[in-house]
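What follows is the content of run-v4.txt (compact mmCIF, C-alpha atoms and all ligand atoms).
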```txt
# COMPACT_ATOMS: atom_id res chain seq x y z
CA MET D 1 -31.94 3.36 -4.03
CA LYS D 2 -31.32 3.69 -7.77
CA CYS D 3 -28.10 4.00 -9.76
CA VAL D 4 -27.40 7.69 -10.27
CA THR D 5 -26.28 7.03 -13.86
CA CYS D 6 -28.80 4.56 -15.33
CA GLY D 7 -31.69 4.36 -12.82
CA GLU D 8 -31.35 0.56 -12.33
CA PRO D 9 -31.34 -0.74 -8.71
CA ALA D 10 -28.14 0.30 -6.93
CA ILE D 11 -25.84 -2.28 -5.32
CA ILE D 12 -23.93 0.30 -3.28
CA ASP D 13 -24.71 3.65 -1.76
CA ILE D 14 -21.78 6.07 -1.43
CA LYS D 15 -22.94 8.75 0.95
CA ARG D 16 -20.02 11.14 0.51
CA HIS D 17 -20.85 11.38 -3.22
CA ASN D 18 -24.56 11.34 -2.43
CA ALA D 19 -24.91 8.59 -5.06
CA GLY D 20 -25.81 4.94 -5.56
CA PHE D 21 -24.46 2.80 -8.38
CA CYS D 22 -25.40 -0.43 -10.16
CA ALA D 23 -22.54 -2.94 -10.55
CA HIS D 24 -21.55 -1.68 -14.01
CA HIS D 25 -21.50 2.00 -13.06
CA PHE D 26 -19.83 1.27 -9.72
CA ILE D 27 -16.88 -0.23 -11.62
CA GLU D 28 -16.83 2.90 -13.81
CA HIS D 29 -16.91 5.08 -10.67
CA VAL D 30 -13.93 3.20 -9.16
CA HIS D 31 -11.94 3.49 -12.39
CA ARG D 32 -12.76 7.19 -12.62
CA GLN D 33 -11.56 7.83 -9.05
CA VAL D 34 -8.25 6.07 -9.75
CA GLU D 35 -7.78 7.95 -13.03
CA ARG D 36 -8.44 11.21 -11.20
CA ALA D 37 -5.82 10.36 -8.58
CA ILE D 38 -3.30 9.42 -11.30
CA SER D 39 -3.83 12.66 -13.24
CA SER D 40 -4.30 15.14 -10.38
CA PHE D 41 -1.23 13.96 -8.47
CA ARG D 42 0.70 13.20 -11.70
CA LEU D 43 1.51 9.72 -10.43
CA PHE D 44 2.60 8.05 -13.70
CA SER D 45 1.89 7.72 -17.42
CA GLU D 46 0.99 4.87 -19.83
CA ASN D 47 4.66 4.52 -20.77
CA ASP D 48 5.84 3.73 -17.24
CA ARG D 49 6.64 0.17 -16.14
CA LEU D 50 4.73 -0.30 -12.88
CA LEU D 51 5.34 -2.83 -10.12
CA VAL D 52 2.36 -3.49 -7.83
CA ALA D 53 3.20 -4.68 -4.30
CA VAL D 54 0.70 -7.56 -4.09
CA SER D 55 -0.16 -8.98 -0.66
CA GLY D 56 -3.13 -11.15 -1.65
CA GLY D 57 -5.45 -8.74 0.21
CA LYS D 58 -8.35 -6.80 -1.28
CA ASP D 59 -6.63 -3.45 -1.82
CA SER D 60 -3.56 -4.64 -3.72
CA LEU D 61 -5.57 -7.07 -5.89
CA ALA D 62 -8.20 -4.40 -6.60
CA LEU D 63 -5.43 -1.96 -7.54
CA TRP D 64 -3.80 -4.45 -9.91
CA ASP D 65 -7.15 -5.25 -11.53
CA ILE D 66 -8.03 -1.56 -11.97
CA LEU D 67 -4.66 -0.73 -13.56
CA ASN D 68 -4.98 -3.71 -15.87
CA SER D 69 -8.51 -2.65 -16.89
CA LEU D 70 -7.29 0.90 -17.54
CA GLY D 71 -4.54 -0.44 -19.84
CA TYR D 72 -1.47 0.25 -17.70
CA ASN D 73 1.63 -1.93 -17.88
CA ALA D 74 1.68 -3.35 -14.35
CA GLU D 75 3.34 -6.51 -13.04
CA GLY D 76 2.98 -7.81 -9.47
CA LEU D 77 5.50 -8.63 -6.76
CA TYR D 78 4.54 -10.92 -3.88
CA LEU D 79 6.85 -11.27 -0.86
CA HIS D 80 6.50 -14.53 1.06
CA LEU D 81 7.20 -13.44 4.65
CA GLY D 82 7.32 -16.93 6.17
CA ILE D 83 4.33 -16.31 8.47
CA GLU D 84 2.99 -19.78 9.20
CA GLY D 85 -0.08 -20.65 7.16
CA TYR D 86 -0.94 -17.03 6.41
CA SER D 87 1.87 -16.45 3.91
CA ASP D 88 1.06 -19.61 1.91
CA ARG D 89 -2.65 -18.78 1.82
CA SER D 90 -2.09 -15.18 0.72
CA GLN D 91 0.40 -16.25 -1.97
CA GLN D 92 -2.21 -18.69 -3.34
CA LYS D 93 -4.74 -15.84 -3.64
CA ALA D 94 -2.22 -13.63 -5.44
CA GLU D 95 -1.22 -16.45 -7.81
CA ALA D 96 -4.83 -17.43 -8.55
CA PHE D 97 -5.66 -13.84 -9.49
CA ALA D 98 -2.58 -13.48 -11.70
CA THR D 99 -3.41 -16.75 -13.48
CA ARG D 100 -7.06 -15.74 -13.98
CA GLU D 101 -6.12 -12.37 -15.45
CA LYS D 102 -3.00 -13.65 -17.29
CA LEU D 103 -0.78 -11.17 -15.44
CA THR D 104 2.88 -11.54 -14.48
CA LEU D 105 3.43 -12.14 -10.76
CA HIS D 106 6.97 -12.29 -9.35
CA CYS D 107 7.47 -13.97 -5.96
CA ILE D 108 10.33 -13.57 -3.50
CA ASP D 109 10.71 -15.90 -0.53
CA VAL D 110 12.19 -13.84 2.31
CA GLN D 111 13.34 -16.94 4.22
CA LYS D 112 15.23 -18.27 1.19
CA GLU D 113 16.84 -14.87 0.60
CA THR D 114 17.85 -14.02 4.17
CA GLY D 115 17.78 -17.33 6.03
CA PHE D 116 14.99 -16.04 8.27
CA SER D 117 11.20 -15.72 8.23
CA ILE D 118 9.81 -12.38 9.48
CA PRO D 119 8.77 -13.85 12.88
CA GLY D 120 12.19 -15.56 13.13
CA LEU D 121 14.06 -12.39 12.25
CA ALA D 122 12.00 -10.29 14.68
CA HIS D 123 12.64 -12.80 17.47
CA ARG D 124 16.37 -12.92 16.71
CA VAL D 125 16.86 -9.12 16.73
CA ARG D 126 14.22 -8.52 19.44
CA PHE D 127 12.29 -5.90 17.43
CA GLU D 128 8.56 -5.62 16.79
CA PRO D 129 7.62 -7.93 13.85
CA CYS D 130 5.86 -5.12 11.93
CA SER D 131 8.87 -2.85 12.13
CA VAL D 132 11.20 -5.62 10.85
CA CYS D 133 8.62 -6.57 8.22
CA GLY D 134 8.32 -2.97 6.93
CA THR D 135 12.09 -2.69 6.54
CA VAL D 136 12.41 -6.08 4.82
CA LYS D 137 9.51 -5.41 2.43
CA ARG D 138 10.92 -1.99 1.49
CA TYR D 139 14.34 -3.50 0.82
CA PHE D 140 13.13 -6.32 -1.46
CA MET D 141 10.66 -4.12 -3.34
CA ASN D 142 13.34 -1.50 -4.03
CA ARG D 143 15.88 -4.14 -5.03
CA PHE D 144 13.47 -5.89 -7.38
CA ALA D 145 12.25 -2.64 -8.99
CA ALA D 146 15.83 -1.41 -9.51
CA THR D 147 17.21 -4.66 -10.93
CA HIS D 148 14.24 -5.28 -13.24
CA GLY D 149 13.84 -1.77 -14.67
CA PHE D 150 10.51 -0.73 -13.09
CA ASP D 151 9.79 3.01 -12.95
CA LEU D 152 7.55 2.99 -9.90
CA ILE D 153 6.34 0.76 -7.05
CA LEU D 154 2.58 0.99 -6.41
CA THR D 155 0.91 0.11 -3.13
CA GLY D 156 -2.77 -0.44 -2.29
CA HIS D 157 -3.01 2.23 0.47
CA ASN D 158 -6.54 3.61 0.35
CA LEU D 159 -8.30 6.72 1.67
CA ASP D 160 -8.84 5.12 5.12
CA ASP D 161 -5.15 4.16 5.43
CA GLU D 162 -3.91 7.58 4.39
CA ALA D 163 -6.43 9.51 6.53
CA ALA D 164 -5.44 7.36 9.57
CA THR D 165 -1.75 8.08 8.92
CA LEU D 166 -2.51 11.79 8.64
CA LEU D 167 -4.48 11.76 11.90
CA GLY D 168 -1.63 9.93 13.69
CA ASN D 169 0.95 12.39 12.36
CA LEU D 170 -1.18 15.36 13.39
CA LEU D 171 -1.88 14.01 16.86
CA HIS D 172 1.86 13.68 17.44
CA TRP D 173 2.87 16.80 15.48
CA GLN D 174 5.21 14.84 13.26
CA MET D 175 6.20 17.93 11.26
CA GLY D 176 8.60 16.14 8.89
CA TYR D 177 6.16 13.31 8.10
CA LEU D 178 3.33 15.82 7.59
CA GLY D 179 5.38 17.74 5.05
CA ARG D 180 6.25 14.55 3.20
CA GLN D 181 2.83 12.79 3.24
CA SER D 182 1.83 12.38 -0.38
CA PRO D 183 0.37 9.79 -2.79
CA LEU D 184 3.64 10.15 -4.74
CA LEU D 185 7.06 9.69 -3.19
CA PRO D 186 9.62 10.49 -5.86
CA GLN D 187 12.68 8.38 -6.59
CA LYS D 188 15.64 9.16 -4.31
CA THR D 189 19.28 8.04 -4.08
CA GLY D 190 19.20 4.25 -4.35
CA LEU D 191 15.40 4.06 -3.75
CA SER D 192 12.56 3.64 -6.26
CA GLY D 193 9.65 6.07 -6.49
CA LYS D 194 6.37 4.97 -4.88
CA ALA D 195 2.74 5.84 -5.56
CA LYS D 196 -0.67 5.18 -3.99
CA PRO D 197 -3.35 5.35 -6.71
CA LEU D 198 -6.24 4.24 -4.40
CA VAL D 199 -6.03 7.40 -2.33
CA ARG D 200 -9.52 8.56 -3.46
CA LEU D 201 -11.25 5.24 -2.58
CA THR D 202 -12.33 3.96 0.83
CA GLU D 203 -11.74 0.44 2.15
CA ARG D 204 -15.47 -0.22 1.75
CA GLU D 205 -15.28 0.70 -1.94
CA THR D 206 -12.23 -1.47 -2.68
CA ALA D 207 -13.91 -4.38 -0.85
CA ALA D 208 -17.11 -3.89 -2.88
CA TYR D 209 -15.05 -3.66 -6.07
CA THR D 210 -13.42 -7.05 -5.44
CA VAL D 211 -16.86 -8.60 -4.80
CA VAL D 212 -18.33 -7.14 -8.01
CA ARG D 213 -15.29 -8.25 -10.03
CA GLY D 214 -15.28 -11.72 -8.42
CA ILE D 215 -11.75 -11.33 -7.04
CA ASP D 216 -10.94 -13.85 -4.31
CA TYR D 217 -8.67 -12.27 -1.69
CA ILE D 218 -7.33 -13.22 1.73
CA ILE D 219 -9.86 -11.99 4.29
CA GLU D 220 -8.00 -12.91 7.48
CA ASP D 221 -5.63 -10.33 8.94
CA CYS D 222 -1.95 -11.07 9.35
CA PRO D 223 -1.66 -12.84 12.75
CA LEU D 224 1.16 -10.46 13.72
CA SER D 225 -0.95 -7.32 13.18
CA LYS D 226 -2.62 -7.29 16.62
CA GLY D 227 -3.31 -3.97 18.26
CA ALA D 228 -2.06 -1.57 15.58
CA THR D 229 -2.74 2.01 16.68
CA SER D 230 -3.91 2.84 13.16
CA ILE D 231 -7.01 0.65 13.73
CA GLY D 232 -8.08 3.03 16.53
CA TYR D 233 -7.53 6.04 14.26
CA LYS D 234 -9.61 4.39 11.53
CA GLU D 235 -12.45 3.73 13.99
CA ALA D 236 -12.39 7.36 15.17
CA LEU D 237 -12.50 8.61 11.58
CA ASN D 238 -15.34 6.21 10.71
CA MET D 239 -17.34 7.58 13.62
CA LEU D 240 -16.89 11.12 12.26
CA GLU D 241 -17.69 9.90 8.74
CA ASN D 242 -21.01 8.46 9.97
CA LEU D 243 -21.89 11.80 11.56
CA SER D 244 -20.86 13.74 8.49
CA PRO D 245 -20.27 11.82 5.24
CA GLY D 246 -17.24 13.09 3.33
CA THR D 247 -15.20 13.91 6.44
CA LYS D 248 -12.37 11.48 5.61
CA HIS D 249 -12.19 12.66 2.00
CA HIS D 250 -12.08 16.36 2.96
CA PHE D 251 -9.61 15.70 5.77
CA LEU D 252 -7.08 13.94 3.53
CA LEU D 253 -7.63 15.56 0.14
CA GLY D 254 -7.99 19.00 1.74
CA PHE D 255 -4.73 18.48 3.61
CA LEU D 256 -2.89 17.43 0.43
CA LYS D 257 -4.26 20.48 -1.41
CA ARG D 258 -4.01 23.18 1.25
CA GLY D 259 -2.53 21.96 4.54
CA LYS D 260 0.63 20.12 3.50
CA ALA D 261 2.40 23.26 2.26
CA LEU D 262 2.32 24.63 5.83
CA PHE D 263 4.70 21.91 7.02
CA PRO D 264 8.43 21.96 6.32
CA GLY D 265 8.81 18.50 4.74
CA ASP D 266 12.44 18.01 5.73
CA THR D 267 13.74 15.68 3.05
CA PRO D 268 16.46 13.58 4.72
CA GLN D 269 19.78 13.46 2.88
CA LEU D 270 20.36 9.93 1.60
CA SER D 271 23.55 8.22 0.51
CA PRO D 272 24.04 4.66 -0.79
CA CYS D 273 24.35 1.96 1.89
CA LYS D 274 27.99 0.78 1.98
CA ASN D 275 26.75 -2.79 1.93
CA CYS D 276 23.81 -2.99 -0.50
CA GLY D 277 23.70 0.43 -2.22
CA GLN D 278 20.13 1.35 -1.25
CA GLY D 279 19.52 4.88 0.01
CA THR D 280 20.03 5.44 3.73
CA THR D 281 20.58 8.29 6.17
CA GLY D 282 23.49 6.47 7.83
CA GLU D 283 26.38 4.42 6.45
CA ILE D 284 24.55 1.08 6.58
CA CYS D 285 20.82 0.79 5.84
CA SER D 286 18.37 -0.58 8.39
CA PHE D 287 17.86 -3.82 6.40
CA CYS D 288 21.59 -4.62 6.40
CA ARG D 289 21.82 -3.71 10.10
CA ILE D 290 18.96 -6.09 10.93
CA ILE D 291 20.52 -8.95 8.95
CA GLU D 292 23.94 -8.34 10.55
CA LYS D 293 22.39 -8.27 14.03
CA ALA D 294 20.45 -11.49 13.37
CA ALA D 295 23.61 -13.24 12.16
CA ARG D 296 25.52 -11.99 15.23
CA ASN D 297 22.83 -13.19 17.61
CA ASP D 298 22.85 -16.52 15.79
CA SER D 299 26.50 -17.08 16.75
CA ASP D 300 25.99 -15.92 20.38
S1 LIG D 401 0.87 -6.93 9.97
FE1 LIG D 401 3.02 -6.52 10.39
S2 LIG D 401 4.04 -8.50 10.15
FE2 LIG D 401 2.01 -8.70 9.21
S3 LIG D 401 2.36 -8.24 7.04
FE3 LIG D 401 1.78 -6.31 8.03
S4 LIG D 401 3.72 -5.33 8.59
FE4 LIG D 401 4.14 -7.50 8.15
ZN ZN D 402 -26.07 2.07 -13.49
ZN ZN D 403 22.03 -1.99 2.98
```

Would you mind writing the file's structure down as structure tokens?
Amino acid sequence: MKCVTCGEPAIIDIKRHNAGFCAHHFIEHVHRQVERAISSFRLFSENDRLLVAVSGGKDSLALWDILNSLGYNAEGLYLHLGIEGYSDRSQQKAEAFATREKLTLHCIDVQKETGFSIPGLAHRVRFEPCSVCGTVKRYFMNRFAATHGFDLILTGHNLDDEAATLLGNLLHWQMGYLGRQSPLLPQKTGLSGKAKPLVRLTERETAAYTVVRGIDYIIEDCPLSKGATSIGYKEALNMLENLSPGTKHHFLLGFLKRGKALFPGDTPQLSPCKNCGQGTTGEICSFCRIIEKAARNDSD
């Protein structure tokens, strides 16, 4: 296969675009897809201060690299979750990339901040680690963005992630989530805005991008991630994609363009948490409730 742009040998074949690309034009293709997402969903502008949630994995490092190449003002935030071995190794990858590209990476150690690692906190409050982890990550990202003057938090969710979320929400008729699913979640009471600029790129493309750009990322999965339902949804969508290339793209992008408006999108009313000030539907946010419960169980 030849590169569709220059005719040199292709290093990747992207069936849904019916095109192959050499390394140089593949990088251009990736940048173009991200620029299209930024402009078509009006995610942000060159003047915005952007905070990338960096995990050390391929998607977040690819996102940071792309934004940097496109000239955006983006700093990184790494949260050390206290997951034995894995957290240290992923932080090293994030730091090595930031040093190589001369980018600013901020790091927060969750154990130092709260007194607990994520596994420790989950054990103490007897919740699923991923549910505790999601709440803790949201809290620290929002707090950091608000106190350091960032306009938007960016995450590395890609086309596969978003299509799997959409499939899960459809299978369970989650009307509210369906109405709210978007690559741009605007700022709300006490919560920063969030955007997902990789929404037009598949996992395979972000992985290939990191290889071509020589970005070293953490390959192993988080040891606490076992058995996530979303993996099954991704496999089902990949099966359909193999039968008919472009299925995932049309499913997600078509939904955002035409389907989403059919769902009510009940925006929950938020008020500031009485304890920390972040937006919540109750009086006390879920982060503060988790920390209070962990402290209570500590004294039991
Ligand atoms: S897999 Fe679960 S515990 Fe691990 S980083 Fe992701 S959300 Fe956190
Ligand atoms: Zn080429
Ligand atoms: Zn709170």

At a cut-off of 10 Å around ligand ZN 402 (chain D), and using all atoms listed in the file, what residues come up? Please write them as an mmCIF file with C-alpha atoms, in the frame of the given file.
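Dumped everything to part_13.cif:
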```cif
data_model
loop_
_atom_site.group_PDB
_atom_site.id
_atom_site.type_symbol
_atom_site.label_atom_id
_atom_site.label_comp_id
_atom_site.auth_asym_id
_atom_site.auth_seq_id
_atom_site.Cartn_x
_atom_site.Cartn_y
_atom_site.Cartn_z
ATOM 1 C CA LYS D 2 -31.320 3.690 -7.770
ATOM 2 C CA CYS D 3 -28.100 4.000 -9.760
ATOM 3 C CA VAL D 4 -27.400 7.690 -10.270
ATOM 4 C CA THR D 5 -26.280 7.030 -13.860
ATOM 5 C CA CYS D 6 -28.800 4.560 -15.330
ATOM 6 C CA GLY D 7 -31.690 4.360 -12.820
ATOM 7 C CA GLU D 8 -31.350 0.560 -12.330
ATOM 8 C CA PRO D 9 -31.340 -0.740 -8.710
ATOM 9 C CA ALA D 10 -28.140 0.300 -6.930
ATOM 10 C CA ILE D 11 -25.840 -2.280 -5.320
ATOM 11 C CA GLY D 20 -25.810 4.940 -5.560
ATOM 12 C CA PHE D 21 -24.460 2.800 -8.380
ATOM 13 C CA CYS D 22 -25.400 -0.430 -10.160
ATOM 14 C CA ALA D 23 -22.540 -2.940 -10.550
ATOM 15 C CA HIS D 24 -21.550 -1.680 -14.010
ATOM 16 C CA HIS D 25 -21.500 2.000 -13.060
ATOM 17 C CA PHE D 26 -19.830 1.270 -9.720
ATOM 18 C CA ILE D 27 -16.880 -0.230 -11.620
ATOM 19 C CA GLU D 28 -16.830 2.900 -13.810
#
```

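Closest to ligand LIG 401 (chain D) among D:Asn68, D:Asn169, D:Ser55, D:Thr104 is D:Ser55, based on all atoms listed in the file.
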
Counting all atoms listed in the file, what is within 7 Å of Lys58 (chain D), bar same-chain residues fewer than 6 positions away, as a list of chain:residue names?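 Close residues of Lys58 (chain D): D:Thr206, D:Ala207, D:Thr210, D:Tyr217.
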
Which protein, DNA or RNA residues have an atom within 10 Å of ligand LIG 401 (chain D), counting all atoms listed in the file, as a tab-separated table (two decimals) with C-alpha atoms, keeping the file's coordinate frame?
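Contents of out_10.tsv, as written:
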```tsv
chain	number	residue	atom	x	y	z
D	55	SER	CA	-0.16	-8.98	-0.66
D	79	LEU	CA	6.85	-11.27	-0.86
D	80	HIS	CA	6.50	-14.53	1.06
D	81	LEU	CA	7.20	-13.44	4.65
D	82	GLY	CA	7.32	-16.93	6.17
D	83	ILE	CA	4.33	-16.31	8.47
D	86	TYR	CA	-0.94	-17.03	6.41
D	87	SER	CA	1.87	-16.45	3.91
D	118	ILE	CA	9.81	-12.38	9.48
D	119	PRO	CA	8.77	-13.85	12.88
D	122	ALA	CA	12.00	-10.29	14.68
D	128	GLU	CA	8.56	-5.62	16.79
D	129	PRO	CA	7.62	-7.93	13.85
D	130	CYS	CA	5.86	-5.12	11.93
D	131	SER	CA	8.87	-2.85	12.13
D	132	VAL	CA	11.20	-5.62	10.85
D	133	CYS	CA	8.62	-6.57	8.22
D	134	GLY	CA	8.32	-2.97	6.93
D	135	THR	CA	12.09	-2.69	6.54
D	136	VAL	CA	12.41	-6.08	4.82
D	137	LYS	CA	9.51	-5.41	2.43
D	221	ASP	CA	-5.63	-10.33	8.94
D	222	CYS	CA	-1.95	-11.07	9.35
D	223	PRO	CA	-1.66	-12.84	12.75
D	224	LEU	CA	1.16	-10.46	13.72
D	225	SER	CA	-0.95	-7.32	13.18
D	226	LYS	CA	-2.62	-7.29	16.62
D	227	GLY	CA	-3.31	-3.97	18.26
D	228	ALA	CA	-2.06	-1.57	15.58
```

Nearby residues (only C-alpha atoms) at most 6 Å from Lys93 (chain D), same-chain spacing under 2 positions excluded, as a PyMOL selection string: chain D and resi 56+90-91+95-96+217

I'd like the contact shell of Ser40 (chain D) - 12 Å cut-off, only C-alpha atoms, skipping same-chain residues fewer than 5 positions apart - returned as a list in words.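 So the residues in contact are Arg32, Gln33, Val34, Glu35, Ser45, Pro183, Leu184, Pro197, Val199, Arg200, Leu253, Leu256 and Lys257 of chain D.
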
I need the residues from that last selection saved to file as a short mmCIF file (atom, residue, chain, number, x, y, z; two decimals), in the coordinates of the input (with C-alpha atoms), if you can.
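As a result, part11.cif now contains:
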```cif
data_model
loop_
_atom_site.label_atom_id
_atom_site.label_comp_id
_atom_site.auth_asym_id
_atom_site.auth_seq_id
_atom_site.Cartn_x
_atom_site.Cartn_y
_atom_site.Cartn_z
CA ARG D 32 -12.76 7.19 -12.62
CA GLN D 33 -11.56 7.83 -9.05
CA VAL D 34 -8.25 6.07 -9.75
CA GLU D 35 -7.78 7.95 -13.03
CA SER D 45 1.89 7.72 -17.42
CA PRO D 183 0.37 9.79 -2.79
CA LEU D 184 3.64 10.15 -4.74
CA PRO D 197 -3.35 5.35 -6.71
CA VAL D 199 -6.03 7.40 -2.33
CA ARG D 200 -9.52 8.56 -3.46
CA LEU D 253 -7.63 15.56 0.14
CA LEU D 256 -2.89 17.43 0.43
CA LYS D 257 -4.26 20.48 -1.41
#
```

Using all atoms listed in the file, which residue out of D:Ser192, D:Asn242, D:Ser286, D:Asn297 lies closest to Lys15 (chain D)? D:Asn242

Looking at D:Gly76, D:Tyr139, D:Gln269, D:Leu201, which one is nearest to ligand ZN 403 (chain D), with distances taken over all atoms listed in the file?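 Closest to ligand ZN 403 (chain D), using all atoms listed in the file: D:Tyr139.
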
Protein and nucleic residues near ligand ZN 403 (chain D), 12 Å, all atoms listed in the file, as a VMD selection string: chain D and resid 135 to 136 138 to 140 142 to 143 190 to 191 271 to 292

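CA of Val52 (chain D) is found 13.2 Å from CA of His148 (chain D).
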
Go ahead and compute the interatomic distance for CA of His157 (chain D) and CA of Leu51 (chain D), in Å to one decimal. 14.4 Å
